[in-house]
Each structure stands twice: as C-alpha cells, then as structure tokens.
$ cat input32.pdb   # PDB, N, CA and C atoms
ATOM      1  N   THR A   1       8.820  59.182  38.748
ATOM      2  CA  THR A   1       9.983  59.939  38.301
ATOM      3  C   THR A   1      10.723  59.166  37.210
ATOM      4  N   VAL A   2      11.618  59.833  36.554
ATOM      5  CA  VAL A   2      12.394  59.200  35.490
ATOM      6  C   VAL A   2      13.226  58.045  36.041
ATOM      7  N   ILE A   3      13.791  58.229  37.222
ATOM      8  CA  ILE A   3      14.624  57.170  37.807
ATOM      9  C   ILE A   3      13.782  55.930  38.089
ATOM     10  N   GLU A   4      12.571  56.118  38.582
ATOM     11  CA  GLU A   4      11.691  54.975  38.838
ATOM     12  C   GLU A   4      11.332  54.261  37.535
ATOM     13  N   ILE A   5      11.128  55.009  36.477
ATOM     14  CA  ILE A   5      10.841  54.408  35.163
ATOM     15  C   ILE A   5      12.053  53.610  34.684
ATOM     16  N   LEU A   6      13.253  54.169  34.854
ATOM     17  CA  LEU A   6      14.479  53.445  34.480
ATOM     18  C   LEU A   6      14.618  52.155  35.279
ATOM     19  N   LYS A   7      14.338  52.232  36.569
ATOM     20  CA  LYS A   7      14.442  51.036  37.414
ATOM     21  C   LYS A   7      13.452  49.967  36.956
ATOM     22  N   ASP A   8      12.223  50.367  36.695
ATOM     23  CA  ASP A   8      11.197  49.420  36.267
ATOM     24  C   ASP A   8      11.546  48.815  34.905
ATOM     25  N   TYR A   9      11.924  49.653  33.953
ATOM     26  CA  TYR A   9      12.237  49.171  32.602
ATOM     27  C   TYR A   9      13.419  48.200  32.621
ATOM     28  N   THR A  10      14.474  48.574  33.342
ATOM     29  CA  THR A  10      15.666  47.713  33.343
ATOM     30  C   THR A  10      15.451  46.440  34.157
ATOM     31  N   LYS A  11      14.532  46.476  35.097
ATOM     32  CA  LYS A  11      14.201  45.255  35.829
ATOM     33  C   LYS A  11      13.458  44.288  34.901
ATOM     34  N   ARG A  12      12.582  44.830  34.061
ATOM     35  CA  ARG A  12      11.814  44.009  33.121
ATOM     36  C   ARG A  12      12.637  43.596  31.901
ATOM     37  N   ASN A  13      13.688  44.338  31.626
ATOM     38  CA  ASN A  13      14.525  44.096  30.447
ATOM     39  C   ASN A  13      15.993  44.063  30.845
ATOM     40  N   PRO A  14      16.393  43.041  31.610
ATOM     41  CA  PRO A  14      17.790  42.994  32.068
ATOM     42  C   PRO A  14      18.759  42.929  30.894
ATOM     43  N   GLY A  15      19.878  43.605  31.056
ATOM     44  CA  GLY A  15      20.905  43.601  30.019
ATOM     45  C   GLY A  15      20.748  44.701  28.986
ATOM     46  N   LYS A  16      19.612  45.375  28.976
ATOM     47  CA  LYS A  16      19.403  46.456  28.001
ATOM     48  C   LYS A  16      20.093  47.728  28.478
ATOM     49  N   GLU A  17      20.665  48.460  27.530
ATOM     50  CA  GLU A  17      21.256  49.755  27.822
ATOM     51  C   GLU A  17      20.312  50.837  27.302
ATOM     52  N   ILE A  18      20.223  51.911  28.043
ATOM     53  CA  ILE A  18      19.398  53.042  27.632
ATOM     54  C   ILE A  18      20.335  54.190  27.307
ATOM     55  N   LEU A  19      20.224  54.693  26.093
ATOM     56  CA  LEU A  19      21.032  55.817  25.639
ATOM     57  C   LEU A  19      20.205  57.081  25.770
ATOM     58  N   PHE A  20      20.795  58.126  26.329
ATOM     59  CA  PHE A  20      20.098  59.406  26.336
ATOM     60  C   PHE A  20      21.093  60.548  26.192
ATOM     61  N   THR A  21      20.600  61.613  25.607
ATOM     62  CA  THR A  21      21.356  62.839  25.423
ATOM     63  C   THR A  21      20.367  63.989  25.476
ATOM     64  N   GLY A  22      20.865  65.169  25.658
ATOM     65  CA  GLY A  22      19.993  66.325  25.669
ATOM     66  C   GLY A  22      19.628  66.758  24.256
ATOM     67  N   SER A  23      18.514  67.451  24.154
ATOM     68  CA  SER A  23      18.102  67.971  22.848
ATOM     69  C   SER A  23      18.964  69.162  22.436
ATOM     70  N   THR A  24      19.704  69.705  23.394
ATOM     71  CA  THR A  24      20.651  70.795  23.146
ATOM     72  C   THR A  24      21.888  70.534  24.007
ATOM     73  N   PRO A  25      23.001  71.167  23.690
ATOM     74  CA  PRO A  25      24.182  71.014  24.553
ATOM     75  C   PRO A  25      23.917  71.442  26.001
ATOM     76  N   ASP A  26      23.125  72.496  26.189
ATOM     77  CA  ASP A  26      22.808  72.925  27.550
ATOM     78  C   ASP A  26      22.003  71.869  28.301
ATOM     79  N   ARG A  27      21.104  71.185  27.612
ATOM     80  CA  ARG A  27      20.314  70.133  28.252
ATOM     81  C   ARG A  27      21.220  68.971  28.648
ATOM     82  N   THR A  28      22.189  68.625  27.797
ATOM     83  CA  THR A  28      23.133  67.556  28.136
ATOM     84  C   THR A  28      23.969  67.961  29.358
ATOM     85  N   LYS A  29      24.337  69.237  29.448
ATOM     86  CA  LYS A  29      25.064  69.720  30.634
ATOM     87  C   LYS A  29      24.204  69.590  31.882
ATOM     88  N   LEU A  30      22.904  69.843  31.759
ATOM     89  CA  LEU A  30      21.998  69.663  32.887
ATOM     90  C   LEU A  30      21.974  68.201  33.317
ATOM     91  N   TYR A  31      21.883  67.272  32.359
ATOM     92  CA  TYR A  31      21.904  65.844  32.677
ATOM     93  C   TYR A  31      23.218  65.456  33.356
ATOM     94  N   THR A  32      24.305  66.063  32.913
ATOM     95  CA  THR A  32      25.614  65.803  33.528
ATOM     96  C   THR A  32      25.601  66.217  34.998
ATOM     97  N   ARG A  33      25.075  67.410  35.275
ATOM     98  CA  ARG A  33      25.009  67.880  36.662
ATOM     99  C   ARG A  33      24.137  66.969  37.522
ATOM    100  N   ILE A  34      23.021  66.505  36.956
ATOM    101  CA  ILE A  34      22.145  65.601  37.696
ATOM    102  C   ILE A  34      22.855  64.285  37.988
ATOM    103  N   LEU A  35      23.513  63.720  36.975
ATOM    104  CA  LEU A  35      24.238  62.460  37.185
ATOM    105  C   LEU A  35      25.342  62.614  38.225
ATOM    106  N   LYS A  36      26.054  63.735  38.174
ATOM    107  CA  LYS A  36      27.107  63.968  39.165
ATOM    108  C   LYS A  36      26.521  64.097  40.562
ATOM    109  N   GLY A  37      25.411  64.801  40.687
ATOM    110  CA  GLY A  37      24.798  65.033  41.983
ATOM    111  C   GLY A  37      24.225  63.775  42.623
ATOM    112  N   TYR A  38      23.702  62.885  41.804
ATOM    113  CA  TYR A  38      23.065  61.668  42.312
ATOM    114  C   TYR A  38      23.900  60.416  42.064
ATOM    115  N   TYR A  39      25.149  60.609  41.676
ATOM    116  CA  TYR A  39      25.991  59.470  41.286
ATOM    117  C   TYR A  39      26.089  58.409  42.380
ATOM    118  N   ASN A  40      26.311  58.804  43.613
ATOM    119  CA  ASN A  40      26.496  57.817  44.684
ATOM    120  C   ASN A  40      25.281  56.914  44.836
ATOM    121  N   ASN A  41      24.088  57.452  44.754
ATOM    122  CA  ASN A  41      22.877  56.629  44.846
ATOM    123  C   ASN A  41      22.634  55.859  43.557
ATOM    124  N   PHE A  42      22.746  56.540  42.436
ATOM    125  CA  PHE A  42      22.420  55.948  41.141
ATOM    126  C   PHE A  42      23.377  54.826  40.769
ATOM    127  N   SER A  43      24.640  54.978  41.117
ATOM    128  CA  SER A  43      25.644  53.982  40.722
ATOM    129  C   SER A  43      25.521  52.682  41.522
ATOM    130  N   LYS A  44      24.699  52.656  42.553
ATOM    131  CA  LYS A  44      24.462  51.415  43.301
ATOM    132  C   LYS A  44      23.652  50.428  42.467
ATOM    133  N   ASP A  45      22.781  50.949  41.611
ATOM    134  CA  ASP A  45      21.902  50.106  40.800
ATOM    135  C   ASP A  45      22.274  50.075  39.318
ATOM    136  N   PHE A  46      23.019  51.097  38.861
ATOM    137  CA  PHE A  46      23.259  51.236  37.430
ATOM    138  C   PHE A  46      24.723  51.470  37.101
ATOM    139  N   GLN A  47      25.113  50.932  35.962
ATOM    140  CA  GLN A  47      26.417  51.236  35.374
ATOM    141  C   GLN A  47      26.179  52.429  34.448
ATOM    142  N   ILE A  48      26.947  53.475  34.628
ATOM    143  CA  ILE A  48      26.791  54.677  33.816
ATOM    144  C   ILE A  48      28.012  54.798  32.912
ATOM    145  N   THR A  49      27.747  54.867  31.624
ATOM    146  CA  THR A  49      28.813  55.020  30.631
ATOM    147  C   THR A  49      28.653  56.375  29.970
ATOM    148  N   SER A  50      29.742  57.084  29.806
ATOM    149  CA  SER A  50      29.686  58.379  29.136
ATOM    150  C   SER A  50      30.126  58.226  27.685
ATOM    151  N   ILE A  51      29.550  59.060  26.858
ATOM    152  CA  ILE A  51      29.912  59.128  25.444
ATOM    153  C   ILE A  51      30.448  60.535  25.204
ATOM    154  N   THR A  52      31.658  60.619  24.687
ATOM    155  CA  THR A  52      32.227  61.911  24.314
ATOM    156  C   THR A  52      32.439  61.934  22.804
ATOM    157  N   PHE A  53      32.528  63.126  22.267
ATOM    158  CA  PHE A  53      32.709  63.301  20.825
ATOM    159  C   PHE A  53      33.885  64.230  20.607
ATOM    160  N   SER A  54      34.920  63.701  19.960
ATOM    161  CA  SER A  54      36.120  64.486  19.700
ATOM    162  C   SER A  54      36.767  63.993  18.414
ATOM    163  N   ASP A  55      37.249  64.894  17.615
ATOM    164  CA  ASP A  55      37.916  64.544  16.351
ATOM    165  C   ASP A  55      37.045  63.627  15.499
ATOM    166  N   ASN A  56      35.749  63.954  15.412
ATOM    167  CA  ASN A  56      34.785  63.176  14.623
ATOM    168  C   ASN A  56      34.654  61.728  15.082
ATOM    169  N   THR A  57      34.951  61.471  16.352
ATOM    170  CA  THR A  57      34.894  60.109  16.877
ATOM    171  C   THR A  57      34.117  60.088  18.195
ATOM    172  N   LEU A  58      33.217  59.119  18.302
ATOM    173  CA  LEU A  58      32.519  58.886  19.563
ATOM    174  C   LEU A  58      33.343  57.928  20.404
ATOM    175  N   LYS A  59      33.451  58.209  21.699
ATOM    176  CA  LYS A  59      34.233  57.363  22.583
ATOM    177  C   LYS A  59      33.409  57.046  23.827
ATOM    178  N   ARG A  60      33.350  55.748  24.165
ATOM    179  CA  ARG A  60      32.681  55.288  25.379
ATOM    180  C   ARG A  60      33.703  55.132  26.493
ATOM    181  N   SER A  61      33.316  55.559  27.701
ATOM    182  CA  SER A  61      34.166  55.334  28.865
ATOM    183  C   SER A  61      33.284  55.375  30.108
ATOM    184  N   PRO A  62      33.737  54.742  31.183
ATOM    185  CA  PRO A  62      32.952  54.795  32.414
ATOM    186  C   PRO A  62      32.754  56.249  32.845
ATOM    187  N   PHE A  63      31.555  56.563  33.289
ATOM    188  CA  PHE A  63      31.267  57.922  33.755
ATOM    189  C   PHE A  63      32.035  58.190  35.041
ATOM    190  N   ASP A  64      32.755  59.293  35.079
ATOM    191  CA  ASP A  64      33.523  59.695  36.253
ATOM    192  C   ASP A  64      32.984  61.051  36.703
ATOM    193  N   PRO A  65      32.269  61.085  37.833
ATOM    194  CA  PRO A  65      31.660  62.340  38.261
ATOM    195  C   PRO A  65      32.656  63.415  38.690
ATOM    196  N   THR A  66      33.930  63.061  38.806
ATOM    197  CA  THR A  66      34.927  64.053  39.219
ATOM    198  C   THR A  66      35.521  64.814  38.036
ATOM    199  N   LEU A  67      35.276  64.316  36.817
ATOM    200  CA  LEU A  67      35.842  64.972  35.641
ATOM    201  C   LEU A  67      34.987  66.158  35.211
ATOM    202  N   ASN A  68      35.632  67.153  34.661
ATOM    203  CA  ASN A  68      34.939  68.328  34.155
ATOM    204  C   ASN A  68      35.123  68.379  32.638
ATOM    205  N   ILE A  69      34.401  67.481  31.945
ATOM    206  CA  ILE A  69      34.505  67.426  30.493
ATOM    207  C   ILE A  69      33.107  67.541  29.894
ATOM    208  N   GLU A  70      33.048  67.826  28.605
ATOM    209  CA  GLU A  70      31.768  67.943  27.920
ATOM    210  C   GLU A  70      31.369  66.571  27.373
ATOM    211  N   TYR A  71      30.198  66.126  27.772
ATOM    212  CA  TYR A  71      29.694  64.827  27.333
ATOM    213  C   TYR A  71      28.740  65.001  26.161
ATOM    214  N   TYR A  72      28.669  63.970  25.331
ATOM    215  CA  TYR A  72      27.767  63.961  24.188
ATOM    216  C   TYR A  72      26.482  63.201  24.515
ATOM    217  N   ALA A  73      26.616  62.109  25.277
ATOM    218  CA  ALA A  73      25.468  61.276  25.633
ATOM    219  C   ALA A  73      25.866  60.360  26.791
ATOM    220  N   PHE A  74      24.885  59.581  27.256
ATOM    221  CA  PHE A  74      25.107  58.650  28.359
ATOM    222  C   PHE A  74      24.393  57.346  28.077
ATOM    223  N   LEU A  75      24.959  56.265  28.603
ATOM    224  CA  LEU A  75      24.321  54.947  28.568
ATOM    225  C   LEU A  75      24.123  54.501  30.009
ATOM    226  N   ILE A  76      22.932  53.974  30.278
ATOM    227  CA  ILE A  76      22.595  53.475  31.609
ATOM    228  C   ILE A  76      22.240  52.004  31.484
ATOM    229  N   LYS A  77      22.798  51.183  32.369
ATOM    230  CA  LYS A  77      22.507  49.748  32.367
ATOM    231  C   LYS A  77      22.428  49.274  33.813
ATOM    232  N   ARG A  78      21.413  48.479  34.102
ATOM    233  CA  ARG A  78      21.269  47.947  35.465
ATOM    234  C   ARG A  78      22.403  46.969  35.754
ATOM    235  N   ILE A  79      22.953  47.072  36.957
ATOM    236  CA  ILE A  79      24.040  46.183  37.377
ATOM    237  C   ILE A  79      23.455  44.845  37.777
TER
END
$ encode --input "input32.pdb" --output "structure tokens"
Amino acid sequence: TVIEILKDYTKRNPGKEILFTGSTPDRTKLYTRILKGYYNNFSKDFQITSITFSDNTLKRSPFDPTLNIEYYAFLIKRI
C-alpha cells in the first residue's frame, strides 16, 4: 500500500519530507478525507503538514483534522 511505501522510504531516508497533492482539486479533497480518517494511526509515525493557498501565497501549518478548509498540498515526514 502507499502507506507501507511511505514507511519504507522514510525509514531509509530519515529527515526527508514527501510532498503530495492531487492532480485535481477533487483528488486533493479525497486525500484530505483519507488523512482525516486515518489521522490517529498515521500521526503516530508521521508529522503531517498542510499547505494552503490564499492571496497568491502558500502557507505551511500543522495538519489539523478537525478543520474544514481547502488544502493545496501536504507534506509527510517520519517522526
């Protein structure tokens, strides 16, 4: 699965961040729902950072699964 690939890659490459976004806004919304649904398990091994885009500016902030905002991309890093 994708999560197993992320675990393997980040174990072999500690400190690396993986950036991902959907190929469409709807795909990014799907990734958001997946991250929210699996946040409790996923956040045990990974730091999840959200990227938002507003006023022509990208902003990084810790991913908060309780927020209902539109995300532009995500960064994943092994803790």
$ select_by_dssp --input "input32.pdb" --residues "stretch 2-67 of chain A" --states "strand (DSSP E)" --output "PyMOL selection string"
chain A and resi 17-20+46-54+57-62
$ resolve_selection --input "input32.pdb" --expression "the PyMOL selection byres ((chain A and resi 50-58) around 6.5)" --output "VMD selection string"
chain A and resid 48 to 49 59 to 64 70 to 75
$ residues_around --input "input32.pdb" --residues "A:Phe42" --least-positions-apart "3" --cutoff "12 Å" --atoms "only C-alpha atoms" --output "number ranges by chain"
A: 2-4, 6-7, 34-39, 45-48, 63, 65, 76-79
$ select_by_dssp --input "input32.pdb" --residues "chain A" --states "helix (DSSP H, G or I)" --output "list in words"
Val2, Ile3, Glu4, Ile5, Leu6, Lys7, Asp8, Tyr9, Thr10, Lys11, Arg12, Pro25, Asp26, Arg27, Thr28, Lys29, Leu30, Tyr31, Thr32, Arg33, Ile34, Leu35, Lys36, Gly37, Tyr39, Asn40, Asn41 and Phe42 of chain A
$ atom_distance --input "input32.pdb" --atom1 "atom CA of A:Leu19" --atom2 "atom C of A:Thr66"
21.1 Å
$ atom_distance --input "input32.pdb" --atom1 "atom CA of A:Asn13" --atom2 "atom C of A:Asp26"
28.8 Å
$ axis_aligned_box --input "input32.pdb" --around "stretch 26-43 of chain A" --padding-each-side "5 Å" --output "lines of an AutoDock Vina configuration file"
center_x = 23.7
center_y = 62.8
center_z = 35.5
size_x = 16.8
size_y = 30.2
size_z = 28.7
$ atom_distance --input "input32.pdb" --atom1 "atom N of A:Lys44" --atom2 "atom CA of A:Asp8"
15.2 Å
$ decode --input "input32.pdb" --residues "stretch 28-65 of chain A" --atoms "N, CA, C and O atoms" --output "JSON list (two decimals), in the first residue's frame"
[["chain", "number", "residue", "atom", "x", "y", "z"],
["A", 28, "THR", "N", -7.37, 16.16, -4.39],
["A", 28, "THR", "CA", -6.79, 16.68, -3.15],
["A", 28, "THR", "C", -7.82, 16.58, -2.01],
["A", 28, "THR", "O", -7.46, 16.26, -0.87],
["A", 29, "LYS", "N", -9.09, 16.82, -2.31],
["A", 29, "LYS", "CA", -10.14, 16.65, -1.29],
["A", 29, "LYS", "C", -10.23, 15.20, -0.85],
["A", 29, "LYS", "O", -10.46, 14.93, 0.33],
["A", 30, "LEU", "N", -10.06, 14.27, -1.77],
["A", 30, "LEU", "CA", -10.05, 12.85, -1.41],
["A", 30, "LEU", "C", -8.89, 12.55, -0.47],
["A", 30, "LEU", "O", -9.06, 11.87, 0.55],
["A", 31, "TYR", "N", -7.70, 13.07, -0.77],
["A", 31, "TYR", "CA", -6.54, 12.88, 0.10],
["A", 31, "TYR", "C", -6.79, 13.48, 1.48],
["A", 31, "TYR", "O", -6.40, 12.91, 2.49],
["A", 32, "THR", "N", -7.48, 14.61, 1.51],
["A", 32, "THR", "CA", -7.82, 15.25, 2.79],
["A", 32, "THR", "C", -8.71, 14.33, 3.62],
["A", 32, "THR", "O", -8.46, 14.14, 4.81],
["A", 33, "ARG", "N", -9.73, 13.75, 2.98],
["A", 33, "ARG", "CA", -10.63, 12.84, 3.70],
["A", 33, "ARG", "C", -9.88, 11.62, 4.22],
["A", 33, "ARG", "O", -10.11, 11.16, 5.34],
["A", 34, "ILE", "N", -8.96, 11.09, 3.41],
["A", 34, "ILE", "CA", -8.17, 9.94, 3.84],
["A", 34, "ILE", "C", -7.29, 10.30, 5.03],
["A", 34, "ILE", "O", -7.23, 9.56, 6.02],
["A", 35, "LEU", "N", -6.61, 11.44, 4.95],
["A", 35, "LEU", "CA", -5.76, 11.87, 6.07],
["A", 35, "LEU", "C", -6.57, 12.09, 7.34],
["A", 35, "LEU", "O", -6.13, 11.72, 8.43],
["A", 36, "LYS", "N", -7.74, 12.68, 7.20],
["A", 36, "LYS", "CA", -8.59, 12.89, 8.37],
["A", 36, "LYS", "C", -9.04, 11.57, 8.96],
["A", 36, "LYS", "O", -9.06, 11.38, 10.18],
["A", 37, "GLY", "N", -9.41, 10.63, 8.11],
["A", 37, "GLY", "CA", -9.91, 9.34, 8.57],
["A", 37, "GLY", "C", -8.86, 8.48, 9.26],
["A", 37, "GLY", "O", -9.17, 7.75, 10.19],
["A", 38, "TYR", "N", -7.63, 8.58, 8.79],
["A", 38, "TYR", "CA", -6.55, 7.75, 9.34],
["A", 38, "TYR", "C", -5.57, 8.55, 10.19],
["A", 38, "TYR", "O", -4.51, 8.06, 10.54],
["A", 39, "TYR", "N", -5.95, 9.77, 10.54],
["A", 39, "TYR", "CA", -5.02, 10.66, 11.25],
["A", 39, "TYR", "C", -4.49, 10.05, 12.54],
["A", 39, "TYR", "O", -3.29, 10.12, 12.80],
["A", 40, "ASN", "N", -5.34, 9.46, 13.35],
["A", 40, "ASN", "CA", -4.89, 8.93, 14.64],
["A", 40, "ASN", "C", -3.81, 7.88, 14.47],
["A", 40, "ASN", "O", -2.83, 7.87, 15.22],
["A", 41, "ASN", "N", -3.93, 7.00, 13.50],
["A", 41, "ASN", "CA", -2.90, 5.99, 13.26],
["A", 41, "ASN", "C", -1.68, 6.59, 12.57],
["A", 41, "ASN", "O", -0.55, 6.33, 12.94],
["A", 42, "PHE", "N", -1.92, 7.38, 11.55],
["A", 42, "PHE", "CA", -0.85, 7.93, 10.73],
["A", 42, "PHE", "C", 0.03, 8.90, 11.51],
["A", 42, "PHE", "O", 1.24, 8.94, 11.34],
["A", 43, "SER", "N", -0.58, 9.67, 12.39],
["A", 43, "SER", "CA", 0.18, 10.70, 13.12],
["A", 43, "SER", "C", 1.09, 10.09, 14.19],
["A", 43, "SER", "O", 1.92, 10.80, 14.75],
["A", 44, "LYS", "N", 0.97, 8.81, 14.46],
["A", 44, "LYS", "CA", 1.88, 8.15, 15.41],
["A", 44, "LYS", "C", 3.28, 8.02, 14.82],
["A", 44, "LYS", "O", 4.26, 8.05, 15.55],
["A", 45, "ASP", "N", 3.36, 7.88, 13.50],
["A", 45, "ASP", "CA", 4.64, 7.69, 12.82],
["A", 45, "ASP", "C", 5.09, 8.90, 12.01],
["A", 45, "ASP", "O", 6.26, 9.02, 11.68],
["A", 46, "PHE", "N", 4.14, 9.78, 11.65],
["A", 46, "PHE", "CA", 4.46, 10.86, 10.72],
["A", 46, "PHE", "C", 3.96, 12.21, 11.21],
["A", 46, "PHE", "O", 2.91, 12.32, 11.83],
["A", 47, "GLN", "N", 4.74, 13.22, 10.87],
["A", 47, "GLN", "CA", 4.32, 14.61, 11.06],
["A", 47, "GLN", "C", 3.65, 15.01, 9.74],
["A", 47, "GLN", "O", 4.23, 14.85, 8.67],
["A", 48, "ILE", "N", 2.44, 15.51, 9.83],
["A", 48, "ILE", "CA", 1.70, 15.90, 8.64],
["A", 48, "ILE", "C", 1.58, 17.42, 8.64],
["A", 48, "ILE", "O", 1.09, 18.01, 9.59],
["A", 49, "THR", "N", 2.05, 18.01, 7.56],
["A", 49, "THR", "CA", 1.97, 19.47, 7.39],
["A", 49, "THR", "C", 1.04, 19.77, 6.24],
["A", 49, "THR", "O", 1.11, 19.12, 5.19],
["A", 50, "SER", "N", 0.17, 20.73, 6.41],
["A", 50, "SER", "CA", -0.74, 21.11, 5.33],
["A", 50, "SER", "C", -0.20, 22.36, 4.64],
["A", 50, "SER", "O", 0.46, 23.20, 5.24],
["A", 51, "ILE", "N", -0.50, 22.43, 3.36],
["A", 51, "ILE", "CA", -0.16, 23.59, 2.55],
["A", 51, "ILE", "C", -1.47, 24.17, 2.05],
["A", 51, "ILE", "O", -2.29, 23.46, 1.45],
["A", 52, "THR", "N", -1.70, 25.44, 2.33],
["A", 52, "THR", "CA", -2.87, 26.13, 1.81],
["A", 52, "THR", "C", -2.42, 27.24, 0.87],
["A", 52, "THR", "O", -1.27, 27.68, 0.92],
["A", 53, "PHE", "N", -3.31, 27.65, 0.01],
["A", 53, "PHE", "CA", -3.01, 28.69, -0.98],
["A", 53, "PHE", "C", -4.08, 29.76, -0.89],
["A", 53, "PHE", "O", -5.26, 29.49, -1.10],
["A", 54, "SER", "N", -3.66, 30.96, -0.52],
["A", 54, "SER", "CA", -4.60, 32.07, -0.38],
["A", 54, "SER", "C", -3.88, 33.37, -0.70],
["A", 54, "SER", "O", -2.73, 33.56, -0.29],
["A", 55, "ASP", "N", -4.53, 34.26, -1.39],
["A", 55, "ASP", "CA", -3.95, 35.56, -1.74],
["A", 55, "ASP", "C", -2.59, 35.40, -2.41],
["A", 55, "ASP", "O", -1.63, 36.10, -2.08],
["A", 56, "ASN", "N", -2.50, 34.45, -3.34],
["A", 56, "ASN", "CA", -1.26, 34.18, -4.08],
["A", 56, "ASN", "C", -0.09, 33.78, -3.18],
["A", 56, "ASN", "O", 1.06, 34.00, -3.53],
["A", 57, "THR", "N", -0.39, 33.22, -2.02],
["A", 57, "THR", "CA", 0.65, 32.83, -1.07],
["A", 57, "THR", "C", 0.41, 31.40, -0.58],
["A", 57, "THR", "O", -0.71, 31.05, -0.22],
["A", 58, "LEU", "N", 1.49, 30.63, -0.57],
["A", 58, "LEU", "CA", 1.44, 29.29, 0.02],
["A", 58, "LEU", "C", 1.77, 29.41, 1.50],
["A", 58, "LEU", "O", 2.68, 30.13, 1.88],
["A", 59, "LYS", "N", 1.03, 28.69, 2.33],
["A", 59, "LYS", "CA", 1.26, 28.74, 3.77],
["A", 59, "LYS", "C", 1.32, 27.32, 4.31],
["A", 59, "LYS", "O", 0.46, 26.49, 4.03],
["A", 60, "ARG", "N", 2.38, 27.05, 5.10],
["A", 60, "ARG", "CA", 2.54, 25.77, 5.78],
["A", 60, "ARG", "C", 2.01, 25.87, 7.20],
["A", 60, "ARG", "O", 2.26, 26.86, 7.88],
["A", 61, "SER", "N", 1.30, 24.82, 7.63],
["A", 61, "SER", "CA", 0.86, 24.76, 9.02],
["A", 61, "SER", "C", 0.62, 23.29, 9.37],
["A", 61, "SER", "O", 0.39, 22.46, 8.49],
["A", 62, "PRO", "N", 0.68, 22.97, 10.66],
["A", 62, "PRO", "CA", 0.41, 21.59, 11.05],
["A", 62, "PRO", "C", -0.99, 21.18, 10.59],
["A", 62, "PRO", "O", -1.94, 21.97, 10.66],
["A", 63, "PHE", "N", -1.10, 19.97, 10.09],
["A", 63, "PHE", "CA", -2.40, 19.47, 9.64],
["A", 63, "PHE", "C", -3.31, 19.27, 10.85],
["A", 63, "PHE", "O", -2.93, 18.65, 11.84],
["A", 64, "ASP", "N", -4.51, 19.82, 10.78],
["A", 64, "ASP", "CA", -5.49, 19.69, 11.85],
["A", 64, "ASP", "C", -6.72, 19.00, 11.25],
["A", 64, "ASP", "O", -7.45, 19.60, 10.45],
["A", 65, "PRO", "N", -6.96, 17.74, 11.63],
["A", 65, "PRO", "CA", -8.06, 17.01, 11.02],
["A", 65, "PRO", "C", -9.45, 17.53, 11.40],
["A", 65, "PRO", "O", -10.44, 17.11, 10.80]]
